[in-house]
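Containing mmCIF, C-alpha atoms: protein39.cif.
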```
data_entry
loop_
_atom_site.group_PDB
_atom_site.id
_atom_site.type_symbol
_atom_site.label_atom_id
_atom_site.label_comp_id
_atom_site.auth_asym_id
_atom_site.auth_seq_id
_atom_site.Cartn_x
_atom_site.Cartn_y
_atom_site.Cartn_z
ATOM 1 C CA MET A 1 1.629 -18.030 -34.707
ATOM 2 C CA ASN A 2 2.843 -19.217 -31.299
ATOM 3 C CA LEU A 3 -0.105 -20.245 -29.109
ATOM 4 C CA GLN A 4 2.066 -22.049 -26.566
ATOM 5 C CA THR A 5 1.744 -21.300 -22.880
ATOM 6 C CA THR A 6 2.642 -22.814 -19.519
ATOM 7 C CA TYR A 7 0.322 -23.755 -16.688
ATOM 8 C CA LEU A 8 1.208 -25.544 -13.444
ATOM 9 C CA GLY A 9 4.684 -26.087 -14.816
ATOM 10 C CA LEU A 10 3.246 -27.895 -17.839
ATOM 11 C CA ASP A 11 4.119 -26.883 -21.393
ATOM 12 C CA LEU A 12 0.855 -26.538 -23.309
ATOM 13 C CA LYS A 13 0.339 -26.105 -27.038
ATOM 14 C CA ASN A 14 -2.360 -23.463 -26.510
ATOM 15 C CA PRO A 15 -4.267 -21.843 -23.612
ATOM 16 C CA VAL A 16 -7.644 -23.580 -24.120
ATOM 17 C CA MET A 17 -8.708 -26.649 -22.165
ATOM 18 C CA PRO A 18 -11.950 -28.229 -21.024
ATOM 19 C CA GLY A 19 -12.752 -27.560 -17.374
ATOM 20 C CA ALA A 20 -13.944 -30.234 -14.970
ATOM 21 C CA SER A 21 -17.112 -31.694 -16.474
ATOM 22 C CA PRO A 22 -18.839 -34.990 -17.332
ATOM 23 C CA LEU A 23 -17.332 -34.826 -20.828
ATOM 24 C CA VAL A 24 -14.237 -36.752 -19.775
ATOM 25 C CA ASP A 25 -16.255 -39.614 -18.289
ATOM 26 C CA GLN A 26 -16.475 -41.057 -21.823
ATOM 27 C CA LEU A 27 -13.209 -41.962 -23.533
ATOM 28 C CA ASP A 28 -14.673 -41.169 -26.961
ATOM 29 C CA ASN A 29 -15.247 -37.589 -25.835
ATOM 30 C CA VAL A 30 -11.703 -37.383 -24.486
ATOM 31 C CA ARG A 31 -10.357 -38.467 -27.861
ATOM 32 C CA ARG A 32 -12.525 -35.876 -29.624
ATOM 33 C CA LEU A 33 -11.290 -33.147 -27.261
ATOM 34 C CA GLU A 34 -7.661 -34.033 -27.942
ATOM 35 C CA ASP A 35 -8.224 -34.263 -31.693
ATOM 36 C CA ALA A 36 -9.887 -30.826 -31.627
ATOM 37 C CA GLY A 37 -6.807 -29.338 -29.996
ATOM 38 C CA ALA A 38 -7.483 -29.280 -26.241
ATOM 39 C CA ALA A 39 -4.308 -28.277 -24.413
ATOM 40 C CA ALA A 40 -4.971 -30.564 -21.443
ATOM 41 C CA ILE A 41 -7.709 -32.679 -19.897
ATOM 42 C CA VAL A 42 -9.229 -31.652 -16.570
ATOM 43 C CA MET A 43 -10.969 -34.574 -14.924
ATOM 44 C CA HIS A 44 -14.484 -34.502 -13.536
ATOM 45 C CA SER A 45 -14.266 -33.957 -9.757
ATOM 46 C CA LEU A 46 -13.887 -36.884 -7.389
ATOM 47 C CA PHE A 47 -16.000 -35.955 -4.367
ATOM 48 C CA GLU A 48 -15.057 -36.367 -0.742
ATOM 49 C CA GLU A 49 -18.491 -37.926 -0.133
ATOM 50 C CA GLN A 50 -17.816 -40.674 -2.671
ATOM 51 C CA ILE A 51 -14.600 -41.653 -0.949
ATOM 52 C CA THR A 52 -16.139 -41.394 2.513
ATOM 53 C CA LYS A 53 -19.011 -43.646 1.508
ATOM 54 C CA GLN A 54 -16.643 -46.205 0.003
ATOM 55 C CA GLN A 55 -14.534 -46.181 3.159
ATOM 56 C CA LEU A 56 -17.632 -46.623 5.340
ATOM 57 C CA SER A 57 -18.776 -49.473 3.127
ATOM 58 C CA GLU A 58 -15.438 -51.232 3.490
ATOM 59 C CA PHE A 59 -15.565 -50.712 7.253
ATOM 60 C CA TYR A 60 -19.076 -52.140 7.386
ATOM 61 C CA HIS A 61 -18.091 -55.258 5.483
ATOM 62 C CA THR A 62 -15.153 -55.892 7.822
ATOM 63 C CA GLU A 63 -16.174 -54.828 11.309
ATOM 64 C CA GLY A 64 -18.875 -52.142 11.412
ATOM 65 C CA PRO A 65 -22.431 -52.784 12.624
ATOM 66 C CA ALA A 66 -25.196 -52.377 10.077
ATOM 67 C CA GLU A 67 -26.941 -49.696 12.120
ATOM 68 C CA SER A 68 -23.986 -47.311 12.202
ATOM 69 C CA PHE A 69 -23.251 -47.828 8.515
ATOM 70 C CA SER A 70 -26.842 -47.178 7.481
ATOM 71 C CA GLU A 71 -27.105 -43.979 9.520
ATOM 72 C CA ALA A 72 -23.734 -42.630 8.421
ATOM 73 C CA THR A 73 -24.437 -43.024 4.721
ATOM 74 C CA SER A 74 -28.037 -41.798 4.731
ATOM 75 C CA TYR A 75 -26.895 -38.231 4.033
ATOM 76 C CA PHE A 76 -24.971 -39.053 0.856
ATOM 77 C CA PRO A 77 -26.202 -39.542 -2.717
ATOM 78 C CA GLN A 78 -26.405 -43.140 -3.843
ATOM 79 C CA MET A 79 -23.165 -44.382 -5.379
ATOM 80 C CA GLU A 80 -24.894 -44.972 -8.717
ATOM 81 C CA ASP A 81 -25.618 -41.231 -8.854
ATOM 82 C CA TYR A 82 -21.903 -40.597 -9.385
ATOM 83 C CA ALA A 83 -20.598 -41.093 -12.902
ATOM 84 C CA LEU A 84 -17.274 -42.544 -11.735
ATOM 85 C CA GLY A 85 -16.634 -44.162 -8.366
ATOM 86 C CA PRO A 86 -13.236 -43.735 -6.679
ATOM 87 C CA ASP A 87 -11.718 -46.886 -8.218
ATOM 88 C CA ARG A 88 -13.126 -46.221 -11.692
ATOM 89 C CA TYR A 89 -11.904 -42.639 -11.440
ATOM 90 C CA LEU A 90 -8.329 -43.796 -10.999
ATOM 91 C CA THR A 91 -8.730 -46.306 -13.826
ATOM 92 C CA GLN A 92 -10.104 -43.545 -16.071
ATOM 93 C CA ILE A 93 -7.033 -41.399 -15.464
ATOM 94 C CA ALA A 94 -4.755 -44.292 -16.371
ATOM 95 C CA LYS A 95 -6.732 -44.981 -19.570
ATOM 96 C CA ILE A 96 -6.674 -41.342 -20.619
ATOM 97 C CA LYS A 97 -2.930 -41.115 -20.017
ATOM 98 C CA GLU A 98 -2.433 -44.231 -22.119
ATOM 99 C CA MET A 99 -4.470 -42.936 -25.064
ATOM 100 C CA CYS A 100 -3.616 -39.209 -24.994
ATOM 101 C CA ASP A 101 -0.458 -37.181 -25.458
ATOM 102 C CA ILE A 102 -1.662 -34.145 -23.501
ATOM 103 C CA PRO A 103 -1.484 -33.549 -19.728
ATOM 104 C CA VAL A 104 -4.229 -34.828 -17.431
ATOM 105 C CA ILE A 105 -5.255 -32.822 -14.370
ATOM 106 C CA GLY A 106 -7.107 -34.663 -11.610
ATOM 107 C CA SER A 107 -9.802 -32.877 -9.618
ATOM 108 C CA LEU A 108 -10.677 -33.348 -5.939
ATOM 109 C CA ASN A 109 -13.799 -31.783 -4.447
ATOM 110 C CA GLY A 110 -14.090 -31.690 -0.661
ATOM 111 C CA VAL A 111 -14.438 -29.552 2.449
ATOM 112 C CA SER A 112 -12.497 -31.293 5.215
ATOM 113 C CA LEU A 113 -9.241 -32.992 6.054
ATOM 114 C CA GLY A 114 -9.319 -36.768 6.120
ATOM 115 C CA GLY A 115 -8.902 -39.905 4.122
ATOM 116 C CA TRP A 116 -10.038 -38.286 0.910
ATOM 117 C CA THR A 117 -6.772 -36.334 0.769
ATOM 118 C CA ASP A 118 -4.997 -39.691 0.595
ATOM 119 C CA HIS A 119 -6.636 -40.110 -2.812
ATOM 120 C CA ALA A 120 -4.464 -37.272 -4.076
ATOM 121 C CA LYS A 121 -1.531 -39.694 -3.922
ATOM 122 C CA LEU A 122 -3.545 -42.362 -5.736
ATOM 123 C CA ILE A 123 -4.446 -39.828 -8.432
ATOM 124 C CA GLU A 124 -0.755 -39.067 -8.834
ATOM 125 C CA GLN A 125 0.075 -42.778 -9.012
ATOM 126 C CA ALA A 126 -2.615 -43.243 -11.666
ATOM 127 C CA GLY A 127 -0.641 -40.876 -13.884
ATOM 128 C CA ALA A 128 -2.141 -37.425 -13.383
ATOM 129 C CA ASP A 129 0.219 -34.558 -14.199
ATOM 130 C CA ALA A 130 -1.357 -32.173 -11.678
ATOM 131 C CA ILE A 131 -4.290 -31.880 -9.254
ATOM 132 C CA GLU A 132 -6.979 -29.221 -9.007
ATOM 133 C CA LEU A 133 -8.546 -28.736 -5.559
ATOM 134 C CA ASN A 134 -12.154 -27.623 -5.554
ATOM 135 C CA VAL A 135 -13.034 -26.670 -1.965
ATOM 136 C CA TYR A 136 -16.765 -26.201 -2.429
ATOM 137 C CA TYR A 137 -17.961 -24.909 0.923
ATOM 138 C CA ILE A 138 -20.800 -22.626 1.984
ATOM 139 C CA ALA A 139 -20.325 -21.067 5.422
ATOM 140 C CA THR A 140 -23.872 -21.537 6.755
ATOM 141 C CA ASP A 141 -22.923 -21.100 10.418
ATOM 142 C CA PRO A 142 -23.229 -17.383 11.351
ATOM 143 C CA ASP A 143 -20.703 -17.938 14.143
ATOM 144 C CA GLU A 144 -17.972 -19.153 11.779
ATOM 145 C CA PRO A 145 -15.541 -16.319 10.998
ATOM 146 C CA GLY A 146 -14.043 -15.757 7.580
ATOM 147 C CA THR A 147 -10.580 -16.636 8.838
ATOM 148 C CA SER A 148 -11.807 -20.162 9.648
ATOM 149 C CA VAL A 149 -13.214 -20.566 6.156
ATOM 150 C CA GLU A 150 -9.880 -19.514 4.662
ATOM 151 C CA ARG A 151 -7.968 -21.758 7.082
ATOM 152 C CA ARG A 152 -9.978 -24.745 5.845
ATOM 153 C CA THR A 153 -8.713 -24.298 2.282
ATOM 154 C CA ILE A 154 -5.139 -23.573 3.400
ATOM 155 C CA ASP A 155 -5.047 -26.743 5.527
ATOM 156 C CA ILE A 156 -6.403 -28.862 2.670
ATOM 157 C CA LEU A 157 -3.831 -27.413 0.271
ATOM 158 C CA GLN A 158 -1.042 -28.205 2.728
ATOM 159 C CA ALA A 159 -2.300 -31.757 3.294
ATOM 160 C CA VAL A 160 -2.484 -32.489 -0.426
ATOM 161 C CA LYS A 161 0.898 -30.922 -1.133
ATOM 162 C CA ASP A 162 2.382 -33.107 1.606
ATOM 163 C CA ALA A 163 0.894 -36.159 -0.115
ATOM 164 C CA VAL A 164 2.001 -35.564 -3.722
ATOM 165 C CA ASP A 165 4.933 -34.329 -5.756
ATOM 166 C CA ILE A 166 2.903 -33.080 -8.736
ATOM 167 C CA PRO A 167 1.687 -29.445 -8.981
ATOM 168 C CA VAL A 168 -1.485 -28.493 -7.099
ATOM 169 C CA ALA A 169 -3.938 -25.783 -8.164
ATOM 170 C CA VAL A 170 -6.780 -24.362 -6.065
ATOM 171 C CA LYS A 171 -10.164 -23.480 -7.513
ATOM 172 C CA LEU A 172 -11.308 -20.361 -5.677
ATOM 173 C CA SER A 173 -14.713 -19.047 -4.697
ATOM 174 C CA PRO A 174 -15.444 -15.366 -5.446
ATOM 175 C CA TYR A 175 -17.010 -14.876 -2.012
ATOM 176 C CA PHE A 176 -13.959 -14.281 0.160
ATOM 177 C CA SER A 177 -13.878 -10.803 1.700
ATOM 178 C CA SER A 178 -10.419 -10.127 0.265
ATOM 179 C CA PRO A 179 -9.742 -12.521 -2.640
ATOM 180 C CA GLY A 180 -6.425 -10.848 -3.412
ATOM 181 C CA HIS A 181 -5.035 -11.355 0.088
ATOM 182 C CA PHE A 182 -6.274 -14.942 0.203
ATOM 183 C CA ALA A 183 -4.756 -15.627 -3.208
ATOM 184 C CA LYS A 184 -1.380 -14.389 -1.912
ATOM 185 C CA GLN A 185 -1.702 -16.705 1.104
ATOM 186 C CA LEU A 186 -2.286 -19.706 -1.139
ATOM 187 C CA ASP A 187 0.541 -18.566 -3.380
ATOM 188 C CA SER A 188 2.917 -18.412 -0.414
ATOM 189 C CA MET A 189 1.788 -21.926 0.592
ATOM 190 C CA GLY A 190 2.963 -23.240 -2.766
ATOM 191 C CA ALA A 191 -0.174 -23.372 -4.874
ATOM 192 C CA ALA A 192 1.060 -23.760 -8.439
ATOM 193 C CA GLY A 193 -2.092 -22.231 -9.882
ATOM 194 C CA LEU A 194 -5.385 -20.577 -9.021
ATOM 195 C CA VAL A 195 -8.613 -21.170 -10.924
ATOM 196 C CA ILE A 196 -10.995 -18.205 -10.802
ATOM 197 C CA PHE A 197 -13.757 -18.867 -10.040
ATOM 198 C CA ASN A 198 -15.809 -21.794 -8.839
ATOM 199 C CA ARG A 199 -19.405 -21.532 -9.980
ATOM 200 C CA PHE A 200 -21.735 -21.978 -7.004
ATOM 201 C CA TYR A 201 -25.072 -23.365 -8.145
ATOM 202 C CA GLN A 202 -27.958 -21.548 -6.484
ATOM 203 C CA PRO A 203 -30.935 -23.666 -5.389
ATOM 204 C CA ASP A 204 -34.485 -22.622 -6.189
ATOM 205 C CA ILE A 205 -37.577 -23.245 -4.051
ATOM 206 C CA ASP A 206 -40.416 -25.531 -5.029
ATOM 207 C CA ILE A 207 -43.350 -23.646 -3.478
ATOM 208 C CA GLU A 208 -45.753 -26.578 -3.922
ATOM 209 C CA GLU A 209 -43.562 -29.315 -2.489
ATOM 210 C CA LEU A 210 -41.961 -26.938 0.050
ATOM 211 C CA GLU A 211 -38.441 -28.084 -0.631
ATOM 212 C CA ALA A 212 -35.226 -26.844 -2.150
ATOM 213 C CA ALA A 213 -35.083 -27.532 -5.880
ATOM 214 C CA PRO A 214 -31.666 -27.918 -7.533
ATOM 215 C CA ARG A 215 -31.326 -25.950 -10.757
ATOM 216 C CA LEU A 216 -28.447 -26.448 -13.180
ATOM 217 C CA GLU A 217 -28.078 -23.728 -15.789
ATOM 218 C CA LEU A 218 -25.192 -23.320 -18.200
ATOM 219 C CA SER A 219 -23.088 -20.197 -17.868
ATOM 220 C CA ASN A 220 -22.999 -17.295 -20.312
ATOM 221 C CA SER A 221 -20.386 -14.710 -21.230
ATOM 222 C CA THR A 222 -21.679 -12.131 -18.748
ATOM 223 C CA GLU A 223 -20.317 -14.305 -15.929
ATOM 224 C CA LEU A 224 -16.808 -13.772 -17.293
ATOM 225 C CA ARG A 225 -16.613 -10.163 -16.093
ATOM 226 C CA LEU A 226 -16.057 -11.013 -12.437
ATOM 227 C CA ARG A 227 -13.235 -13.357 -13.458
ATOM 228 C CA LEU A 228 -11.640 -10.723 -15.685
ATOM 229 C CA ARG A 229 -11.603 -8.207 -12.849
ATOM 230 C CA TRP A 230 -9.766 -10.482 -10.442
ATOM 231 C CA ALA A 231 -7.363 -11.863 -13.008
ATOM 232 C CA ALA A 232 -6.450 -8.265 -13.848
ATOM 233 C CA ILE A 233 -5.960 -7.485 -10.155
ATOM 234 C CA LEU A 234 -3.882 -10.581 -9.380
ATOM 235 C CA HIS A 235 -1.686 -10.604 -12.476
ATOM 236 C CA GLY A 236 1.882 -9.747 -11.564
ATOM 237 C CA HIS A 237 1.286 -9.928 -7.814
ATOM 238 C CA ILE A 238 1.517 -13.697 -7.348
ATOM 239 C CA LYS A 239 3.792 -16.402 -8.732
ATOM 240 C CA ALA A 240 0.962 -18.923 -9.189
ATOM 241 C CA ASP A 241 -0.462 -19.329 -12.671
ATOM 242 C CA LEU A 242 -4.005 -18.138 -13.338
ATOM 243 C CA ALA A 243 -6.800 -20.059 -15.016
ATOM 244 C CA ILE A 244 -10.158 -18.478 -15.768
ATOM 245 C CA GLY A 245 -13.178 -20.758 -15.690
ATOM 246 C CA GLY A 246 -16.824 -19.756 -15.938
ATOM 247 C CA GLY A 247 -18.272 -17.659 -18.752
ATOM 248 C CA VAL A 248 -15.733 -18.525 -21.464
ATOM 249 C CA HIS A 249 -17.848 -19.123 -24.581
ATOM 250 C CA THR A 250 -16.331 -17.198 -27.483
ATOM 251 C CA VAL A 251 -12.980 -16.320 -29.008
ATOM 252 C CA GLU A 252 -13.443 -12.798 -27.654
ATOM 253 C CA ASP A 253 -13.874 -14.242 -24.154
ATOM 254 C CA ILE A 254 -10.561 -16.084 -24.459
ATOM 255 C CA ILE A 255 -8.777 -12.949 -25.643
ATOM 256 C CA LYS A 256 -10.182 -10.888 -22.754
ATOM 257 C CA ALA A 257 -9.116 -13.558 -20.263
ATOM 258 C CA ILE A 258 -5.530 -13.630 -21.535
ATOM 259 C CA MET A 259 -5.346 -9.840 -21.713
ATOM 260 C CA SER A 260 -6.434 -9.771 -18.071
ATOM 261 C CA GLY A 261 -3.553 -12.047 -17.129
ATOM 262 C CA ALA A 262 -4.772 -15.642 -17.429
ATOM 263 C CA ASN A 263 -2.341 -18.354 -18.476
ATOM 264 C CA VAL A 264 -5.195 -20.586 -19.626
ATOM 265 C CA VAL A 265 -8.975 -20.695 -19.863
ATOM 266 C CA GLN A 266 -11.214 -23.603 -18.901
ATOM 267 C CA VAL A 267 -14.274 -24.133 -21.081
ATOM 268 C CA VAL A 268 -17.284 -26.207 -20.026
ATOM 269 C CA SER A 269 -20.739 -24.841 -20.825
ATOM 270 C CA SER A 270 -20.076 -24.115 -24.504
ATOM 271 C CA LEU A 271 -18.632 -27.627 -24.956
ATOM 272 C CA LEU A 272 -21.673 -29.166 -23.280
ATOM 273 C CA LYS A 273 -23.837 -27.117 -25.622
ATOM 274 C CA TYR A 274 -21.964 -27.556 -28.908
ATOM 275 C CA GLY A 275 -19.893 -30.701 -28.332
ATOM 276 C CA PRO A 276 -16.177 -31.462 -27.855
ATOM 277 C CA SER A 277 -15.221 -30.371 -31.385
ATOM 278 C CA HIS A 278 -16.209 -26.787 -30.531
ATOM 279 C CA ILE A 279 -12.905 -26.353 -28.737
ATOM 280 C CA GLY A 280 -11.208 -26.559 -32.145
ATOM 281 C CA SER A 281 -13.260 -23.618 -33.421
ATOM 282 C CA LEU A 282 -12.238 -21.552 -30.410
ATOM 283 C CA ILE A 283 -8.537 -22.324 -30.897
ATOM 284 C CA SER A 284 -8.712 -21.603 -34.614
ATOM 285 C CA GLY A 285 -10.519 -18.330 -33.966
ATOM 286 C CA LEU A 286 -7.904 -17.319 -31.410
ATOM 287 C CA ARG A 287 -5.101 -17.974 -33.891
ATOM 288 C CA HIS A 288 -6.806 -15.927 -36.620
ATOM 289 C CA TRP A 289 -7.496 -13.006 -34.272
ATOM 290 C CA LEU A 290 -3.872 -12.870 -33.153
ATOM 291 C CA GLU A 291 -2.689 -12.935 -36.749
ATOM 292 C CA ASP A 292 -5.144 -10.220 -37.816
ATOM 293 C CA HIS A 293 -3.993 -7.990 -34.958
ATOM 294 C CA GLU A 294 -0.305 -8.691 -35.610
ATOM 295 C CA TYR A 295 0.498 -10.497 -32.391
ATOM 296 C CA GLU A 296 3.315 -13.015 -32.512
ATOM 297 C CA SER A 297 2.237 -15.048 -29.490
ATOM 298 C CA VAL A 298 -0.289 -15.285 -26.671
ATOM 299 C CA ASP A 299 2.522 -14.376 -24.265
ATOM 300 C CA GLN A 300 2.805 -11.002 -25.964
ATOM 301 C CA MET A 301 -0.857 -10.310 -25.199
ATOM 302 C CA ARG A 302 -0.994 -11.688 -21.642
ATOM 303 C CA GLY A 303 -1.643 -9.128 -18.933
ATOM 304 C CA SER A 304 -1.858 -6.184 -21.329
ATOM 305 C CA MET A 305 -5.154 -5.130 -19.712
ATOM 306 C CA SER A 306 -4.233 -5.969 -16.115
ATOM 307 C CA LEU A 307 -4.058 -3.418 -13.310
ATOM 308 C CA ARG A 308 -0.391 -4.151 -12.662
ATOM 309 C CA ASN A 309 0.750 -0.770 -13.972
ATOM 310 C CA SER A 310 -2.049 1.229 -12.377
ATOM 311 C CA PRO A 311 -0.686 3.438 -9.559
ATOM 312 C CA ASP A 312 -3.929 3.059 -7.574
ATOM 313 C CA PRO A 313 -6.033 0.074 -8.700
ATOM 314 C CA SER A 314 -8.741 0.682 -6.102
ATOM 315 C CA ALA A 315 -9.263 4.245 -7.350
ATOM 316 C CA PHE A 316 -9.312 2.954 -10.943
ATOM 317 C CA GLU A 317 -11.976 0.398 -10.019
ATOM 318 C CA ARG A 318 -14.097 2.995 -8.217
ATOM 319 C CA ALA A 319 -13.840 5.402 -11.158
ATOM 320 C CA ASN A 320 -15.153 2.708 -13.483
ATOM 321 C CA TYR A 321 -17.947 1.958 -11.019
ATOM 322 C CA LEU A 322 -19.015 5.600 -11.063
ATOM 323 C CA ARG A 323 -18.865 5.712 -14.851
ATOM 324 C CA VAL A 324 -21.092 2.652 -15.197
ATOM 325 C CA LEU A 325 -23.722 4.167 -12.903
ATOM 326 C CA GLN A 326 -23.856 7.260 -15.057
ATOM 327 C CA LEU A 327 -24.338 5.380 -18.326
ATOM 328 C CA TRP A 328 -28.015 4.643 -17.777
ATOM 329 C CA LYS A 329 -30.228 7.506 -18.837
ATOM 330 C CA VAL A 330 -33.939 7.592 -17.992
#
```
Translate this structure into C-alpha cells?
Amino acid sequence: MNLQTTYLGLDLKNPVMPGASPLVDQLDNVRRLEDAGAAAIVMHSLFEEQITKQQLSEFYHTEGPAESFSEATSYFPQMEDYALGPDRYLTQIAKIKEMCDIPVIGSLNGVSLGGWTDHAKLIEQAGADAIELNVYYIATDPDEPGTSVERRTIDILQAVKDAVDIPVAVKLSPYFSSPGHFAKQLDSMGAAGLVIFNRFYQPDIDIEELEAAPRLELSNSTELRLRLRWAAILHGHIKADLAIGGGVHTVEDIIKAIMSGANVVQVVSSLLKYGPSHIGSLISGLRHWLEDHEYESVDQMRGSMSLRNSPDPSAFERANYLRVLQLWKV
C-alpha cells in the first residue's frame, strides 16, 4: 500500500503529521512521534511578541531608558510563559534536524511586518525544511475593511518569501468573506501550501471578576466539517498544497480530508489526549482501510469527493443546505 504524498515540495511517507503544538518542545516526544510514523514535524509557533520583547530587551541593555522599556513590554506575557524563547526555538530546530530523518516545518505567529519576519531566515538557517505562517489576527476595529485584513497577510507572506528560499505555507482563518478568492491570491503570490483552518480560541467571561477568561478546549471531529467543505471547494483550483488541521481525530477523519482534496492532515488534540504514539494507530488504520477498500494509494483517493467536477458548486452547496434543514422532524 502506497501512503506516500507530497506537501510543500517535500516527499512524505504518509499524509499524517502533528500540527503546531507543545508536543515538540520535548525532544523525547519528537522521537516518539517519528518512531510512531509521523510524516513531518511541525514546530510550536514562535510568536511575534516573543521576538519583539527580546529585541526591546536588547535595546534596553544597550541604549534604551528603563521607563520606555518597562512601558513597551507591559502588554506582553512574561518570557517564562513561553515554552521556547527565540534562541531556544532555533536551537530546538537544529536538535530535531540532527536526531530525526523527517522534515521539520517551522511556525511563525504574528500580525505585522517587522523584525520578526527576519526570524524566518534564522529558522531556515537552523535547518527547517519549510515555514508555516500563522497570521492570528482579529479585526476589532469596525472601520478596518476586509481588504486591509487580507492585505496584512499578503504583505507578511511576501516579506517572508523575500527572506527565505524554503517553501512557505499560510495557515488561514475561516472568517474571510471569500476564502476561495483569498486562497487564490495567496496562491498567486507563491504560497506553497494552505492550512485550513486556524482555530480561534473564544474567550469566556468571568461574571464575578468582571474580566475575560481564557478557555482552552480540545477540538472534536465535528469541527472537521468546515475544513472538508473548503478543501473540497479549493481542490483543483489552486496550485498550492492543502493541509487540513482542526478536528482530525479518527481514521475516518483522515479519509474524509484526503477525499476532499487535502495533501496532508495535521493532528493535535487527539495526540495531546492520547499521546504521541497515537499517530501510529491512525496511520495503521488508514493503511488497513485503503487495503480493505481496494485502493492502491492515497493519491488515488485524493479529491474524489471534491467539488471540482460539479458544474455549479454554489447550487450544490445550497441544495445540501436545504436538505439538512428538512432532516429535522418535530
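The interatomic distance for the pair CA of Thr250 in chain A and CA of Leu194 in chain A works out to 21.7 Å.
CA of Ile258 in chain A is positioned 17.9 Å from CA of Gly37 in chain A.
A straight line drawn from CA of Phe182 in chain A to CA of Val264 in chain A is 20.6 Å long.
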key: Residue IDs satisfying the PyMOL selection byres ((chain A and resi 96) around 12), as a PyMOL selection string   = chain A and resi 24-31+33-34+40-43+89-95+97-106+126-129
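You can rank A:Val164, A:Val111, A:Lys239, A:Pro18 by their closest distance to Glu150 in chain A using only C-alpha atoms, and at the top of that list sits A:Val111.
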With a cut-off of 9 Å, could you pull out the residues of range 223-320 of chain A touching range 170-179 of chain A and give me the nearest pair of atoms for each, distance in Å to one decimal, using all atoms listed in the file, ordered by chain and ascending number, as JSON lines?
```
{"residue": "A:Leu226", "atom": "CA", "partner": "A:Pro174", "partner_atom": "CA", "distance": 8.3}
{"residue": "A:Arg227", "atom": "CA", "partner": "A:Pro174", "partner_atom": "CA", "distance": 8.6}
{"residue": "A:Trp230", "atom": "CA", "partner": "A:Pro179", "partner_atom": "CA", "distance": 8.1}
{"residue": "A:Ala243", "atom": "CA", "partner": "A:Lys171", "partner_atom": "CA", "distance": 8.9}
```
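Each of A:Asp292, A:Glu48, A:Asp118, A:Asp11 was checked against Gly85 in chain A using all atoms listed in the file; the smallest atom-to-atom distance is that of A:Glu48.
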Using the chain letters and residue numbers of this document, give as a PDB file with C-alpha atoms, in the coordinates of the input the residues selected by the PyMOL selection byres ((chain A and resi 219-223) around 8).
```pdb
ATOM      1  CA  GLU A 217     -28.078 -23.728 -15.789  1.00  0.00           C
ATOM      2  CA  LEU A 218     -25.192 -23.320 -18.200  1.00  0.00           C
ATOM      3  CA  LEU A 224     -16.808 -13.772 -17.293  1.00  0.00           C
ATOM      4  CA  ARG A 225     -16.613 -10.163 -16.093  1.00  0.00           C
ATOM      5  CA  LEU A 226     -16.057 -11.013 -12.437  1.00  0.00           C
ATOM      6  CA  ARG A 227     -13.235 -13.357 -13.458  1.00  0.00           C
ATOM      7  CA  GLY A 246     -16.824 -19.756 -15.938  1.00  0.00           C
ATOM      8  CA  GLY A 247     -18.272 -17.659 -18.752  1.00  0.00           C
ATOM      9  CA  VAL A 248     -15.733 -18.525 -21.464  1.00  0.00           C
ATOM     10  CA  HIS A 249     -17.848 -19.123 -24.581  1.00  0.00           C
ATOM     11  CA  THR A 250     -16.331 -17.198 -27.483  1.00  0.00           C
ATOM     12  CA  ASP A 253     -13.874 -14.242 -24.154  1.00  0.00           C
ATOM     13  CA  SER A 269     -20.739 -24.841 -20.825  1.00  0.00           C
TER      14      SER A 269
END
```
Residues matched by the PyMOL selection byres ((chain A and resi 12) around 10) as a PyMOL selection string = chain A and resi 3-11+13-17+38-40+102-103+264
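Comparing the minimum interatomic distances between Ser112 in chain A and each of A:Ile156, A:Ala139, A:Ile131, A:Ala240, counting all atoms listed in the file, we find that A:Ile156 sits nearest.
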task = Skip Gln158 in chain A itself and residues of its chain fewer than 5 positions away, then list as a PyMOL selection string all residues within 12 Å of it, counting only C-alpha atoms.
result = chain A and resi 113+117+120+133+151-153+163-164+168-170+185-191
Please dump the current selection as an mmCIF file, keeping the file's coordinate frame; keep C-alpha atoms.
```
data_model
loop_
_atom_site.group_PDB
_atom_site.id
_atom_site.type_symbol
_atom_site.label_atom_id
_atom_site.label_comp_id
_atom_site.auth_asym_id
_atom_site.auth_seq_id
_atom_site.Cartn_x
_atom_site.Cartn_y
_atom_site.Cartn_z
ATOM 1 C CA LEU A 113 -9.241 -32.992 6.054
ATOM 2 C CA THR A 117 -6.772 -36.334 0.769
ATOM 3 C CA ALA A 120 -4.464 -37.272 -4.076
ATOM 4 C CA LEU A 133 -8.546 -28.736 -5.559
ATOM 5 C CA ARG A 151 -7.968 -21.758 7.082
ATOM 6 C CA ARG A 152 -9.978 -24.745 5.845
ATOM 7 C CA THR A 153 -8.713 -24.298 2.282
ATOM 8 C CA ALA A 163 0.894 -36.159 -0.115
ATOM 9 C CA VAL A 164 2.001 -35.564 -3.722
ATOM 10 C CA VAL A 168 -1.485 -28.493 -7.099
ATOM 11 C CA ALA A 169 -3.938 -25.783 -8.164
ATOM 12 C CA VAL A 170 -6.780 -24.362 -6.065
ATOM 13 C CA GLN A 185 -1.702 -16.705 1.104
ATOM 14 C CA LEU A 186 -2.286 -19.706 -1.139
ATOM 15 C CA ASP A 187 0.541 -18.566 -3.380
ATOM 16 C CA SER A 188 2.917 -18.412 -0.414
ATOM 17 C CA MET A 189 1.788 -21.926 0.592
ATOM 18 C CA GLY A 190 2.963 -23.240 -2.766
ATOM 19 C CA ALA A 191 -0.174 -23.372 -4.874
#
```
Let me know the centre plus edge lengths, in Å and rounded to one decimal, of a box with edges along x, y and z that contains all listed atoms of range 195-198 of chain A and is padded by 3 Å on every side, as lines of an AutoDock Vina configuration file.
```
center_x = -12.2
center_y = -20.0
center_z = -9.9
size_x = 13.2
size_y = 9.6
size_z = 8.1
```
